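S.K.: Sharing final_1.cif here; it has mmCIF, C-alpha atoms.
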data_structure
loop_
_atom_site.label_atom_id
_atom_site.label_comp_id
_atom_site.auth_asym_id
_atom_site.auth_seq_id
_atom_site.Cartn_x
_atom_site.Cartn_y
_atom_site.Cartn_z
CA MET Z 1 196.17 -265.56 17.54
CA LYS Z 2 198.35 -262.72 18.71
CA LEU Z 3 198.47 -264.25 22.22
CA ILE Z 4 199.67 -267.61 20.88
CA ALA Z 5 202.32 -265.98 18.68
CA SER Z 6 203.71 -263.90 21.56
CA GLY Z 7 203.85 -266.93 23.87
CA LEU Z 8 205.71 -269.05 21.34
CA PRO Z 9 209.14 -267.40 21.76
CA ILE Z 10 208.86 -267.71 25.55
CA GLY Z 11 208.04 -271.41 25.20
CA ILE Z 12 211.04 -271.94 22.93
CA LEU Z 13 213.31 -270.14 25.40
CA LEU Z 14 212.03 -272.33 28.23
CA LEU Z 15 212.74 -275.46 26.19
CA PHE Z 16 216.29 -274.31 25.52
CA ALA Z 17 216.81 -273.47 29.19
CA GLN Z 18 215.60 -276.92 30.21
CA ALA Z 19 217.77 -278.61 27.60
CA GLN Z 20 220.90 -276.98 29.04
CA GLU Z 21 220.28 -278.09 32.64
CA PRO Z 22 222.48 -281.01 33.68
CA GLY Z 23 220.83 -284.36 34.23
CA PRO Z 24 220.58 -286.09 37.57
CA LYS Z 25 223.89 -286.67 39.29
CA VAL Z 26 224.71 -290.30 39.93
CA ILE Z 27 227.49 -291.17 42.36
CA HIS Z 28 229.20 -294.52 41.81
CA LEU Z 29 230.89 -295.21 45.13
CA THR Z 30 233.30 -297.77 43.66
CA GLU Z 31 234.48 -295.23 41.07
CA ILE Z 32 235.24 -292.37 43.48
CA THR Z 33 238.60 -292.40 45.20
CA CYS Z 34 239.11 -291.13 48.71
CA LYS Z 35 241.19 -288.31 47.25
CA THR Z 36 238.27 -287.19 45.06
CA PHE Z 37 235.87 -287.51 47.99
CA ILE Z 38 238.05 -285.29 50.21
CA GLU Z 39 239.26 -282.74 47.66
CA GLU Z 40 236.50 -282.35 45.08
CA MET Z 41 233.12 -283.26 46.54
CA LYS Z 42 230.90 -280.76 48.31
CA PRO Z 43 230.06 -281.03 52.04
CA GLU Z 44 226.39 -281.74 51.25
CA GLU Z 45 227.50 -284.65 49.04
CA HIS Z 46 229.62 -285.94 51.93
CA ARG Z 47 226.60 -285.92 54.23
CA VAL Z 48 224.42 -287.79 51.75
CA ILE Z 49 227.10 -290.40 51.12
CA ILE Z 50 227.86 -290.92 54.83
CA ALA Z 51 224.15 -291.26 55.65
CA TRP Z 52 223.69 -293.76 52.82
CA LEU Z 53 226.73 -295.78 53.94
CA GLN Z 54 225.46 -295.76 57.52
CA GLY Z 55 222.18 -297.26 56.36
CA TYR Z 56 223.89 -299.74 54.05
CA TYR Z 57 226.10 -301.07 56.84
CA LEU Z 58 223.34 -301.05 59.47
CA PRO Z 59 222.78 -304.56 60.82
CA GLU Z 60 219.65 -306.06 59.30
CA HIS Z 61 217.50 -306.07 62.43
CA ASP Z 62 218.61 -302.77 63.94
CA PRO Z 63 215.92 -300.08 64.14
CA PRO Z 64 215.84 -297.63 61.23
CA VAL Z 65 217.04 -294.50 63.04
CA ILE Z 66 219.41 -291.69 62.16
CA ASN Z 67 221.87 -291.03 64.96
CA ILE Z 68 223.28 -287.56 64.26
CA ASP Z 69 226.18 -287.96 66.71
CA LYS Z 70 227.15 -291.26 65.09
CA LEU Z 71 226.83 -289.63 61.68
CA SER Z 72 229.41 -287.01 62.70
CA SER Z 73 231.67 -289.65 64.24
CA ASP Z 74 231.45 -291.91 61.17
CA SER Z 75 232.12 -288.95 58.92
CA ALA Z 76 235.30 -288.14 60.85
CA LYS Z 77 236.40 -291.80 60.72
CA LEU Z 78 235.84 -292.03 56.96
CA ARG Z 79 237.62 -288.72 56.39
CA GLU Z 80 240.58 -289.91 58.47
CA HIS Z 81 240.73 -293.19 56.53
CA CYS Z 82 240.55 -291.32 53.23
CA LEU Z 83 243.31 -288.91 54.23
CA ASN Z 84 245.56 -291.88 55.03
CA ASN Z 85 244.51 -293.96 51.99
CA PRO Z 86 243.76 -291.52 49.14
CA GLU Z 87 243.75 -294.19 46.43
CA ASP Z 88 241.06 -296.36 48.08
CA ASP Z 89 237.62 -296.19 46.49
CA LEU Z 90 234.78 -295.20 48.82
CA ILE Z 91 233.40 -298.71 49.22
CA THR Z 92 236.82 -300.03 50.23
CA ALA Z 93 237.13 -297.17 52.72
CA ALA Z 94 233.62 -297.78 54.02
CA GLU Z 95 234.37 -301.49 54.50
CA ALA Z 96 237.37 -300.54 56.61
CA VAL Z 97 235.40 -298.00 58.66
CA PHE Z 98 231.85 -299.43 58.85
CA GLY Z 99 232.36 -303.10 58.03
CA ASN Z 100 231.88 -305.64 60.78
#
Could you take the file, read its structure, and then write that structure out as structure tokens?

M.R.:
Amino acid sequence: MKLIASGLPIGILLLFAQAQEPGPKVIHLTEITCKTFIEEMKPEEHRVIIAWLQGYYLPEHDPPVINIDKLSSDSAKLREHCLNNPEDDLITAAEAVFGN
């Protein structure tokens, strides 16, 4: 019984620690402006978004590959578009950069 009683406070602390962790981050690309993308988002978020956009705009029958050089090039193009059009949302910017 002593073992259960001593483990109880630790279990309660773990529950409180888990309750304070933020939930999963969801990025709504139509709700993020270019300005927010450039000024407030982290580089790792940029990479995830650019990779997702590359896949989204990939022609339907192209092979499913990740071209790292193209990823860097597309990232620079999107960044340039966003610097010149800070009020665009990311999907509008992506349409301009990746759209056919």

S.K.: Once the PyMOL selection byres ((chain Z and resi 45-61) around 9) is applied to the coordinates I shared, what remains selected? I want it as an mmCIF file with C-alpha atoms, in the coordinates of the input.

M.R.:
data_model
loop_
_atom_site.group_PDB
_atom_site.id
_atom_site.type_symbol
_atom_site.label_atom_id
_atom_site.label_comp_id
_atom_site.auth_asym_id
_atom_site.auth_seq_id
_atom_site.Cartn_x
_atom_site.Cartn_y
_atom_site.Cartn_z
ATOM 1 C CA ILE Z 27 227.490 -291.170 42.360
ATOM 2 C CA LEU Z 29 230.890 -295.210 45.130
ATOM 3 C CA PHE Z 37 235.870 -287.510 47.990
ATOM 4 C CA ILE Z 38 238.050 -285.290 50.210
ATOM 5 C CA MET Z 41 233.120 -283.260 46.540
ATOM 6 C CA LYS Z 42 230.900 -280.760 48.310
ATOM 7 C CA PRO Z 43 230.060 -281.030 52.040
ATOM 8 C CA GLU Z 44 226.390 -281.740 51.250
ATOM 9 C CA ASP Z 62 218.610 -302.770 63.940
ATOM 10 C CA PRO Z 63 215.920 -300.080 64.140
ATOM 11 C CA PRO Z 64 215.840 -297.630 61.230
ATOM 12 C CA VAL Z 65 217.040 -294.500 63.040
ATOM 13 C CA ILE Z 66 219.410 -291.690 62.160
ATOM 14 C CA LYS Z 70 227.150 -291.260 65.090
ATOM 15 C CA LEU Z 71 226.830 -289.630 61.680
ATOM 16 C CA SER Z 72 229.410 -287.010 62.700
ATOM 17 C CA ASP Z 74 231.450 -291.910 61.170
ATOM 18 C CA SER Z 75 232.120 -288.950 58.920
ATOM 19 C CA LEU Z 78 235.840 -292.030 56.960
ATOM 20 C CA ILE Z 91 233.400 -298.710 49.220
ATOM 21 C CA ALA Z 94 233.620 -297.780 54.020
ATOM 22 C CA GLU Z 95 234.370 -301.490 54.500
ATOM 23 C CA PHE Z 98 231.850 -299.430 58.850
ATOM 24 C CA GLY Z 99 232.360 -303.100 58.030
ATOM 25 C CA ASN Z 100 231.880 -305.640 60.780
#

S.K.: Evaluate the PyMOL selection byres ((chain Z and resi 84-86) around 8) against this structure - the residues, as a VMD selection string, please.

M.R.: chain Z and resid 33 to 35 80 to 83 87 to 88

S.K.: Work out how far apart atom CA of Ala96 of chain Z and atom CA of Ile32 of chain Z are and give it in Å to one decimal.

M.R.: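 We find that atom CA of Ala96 of chain Z and atom CA of Ile32 of chain Z lie 15.6 Å from each other.
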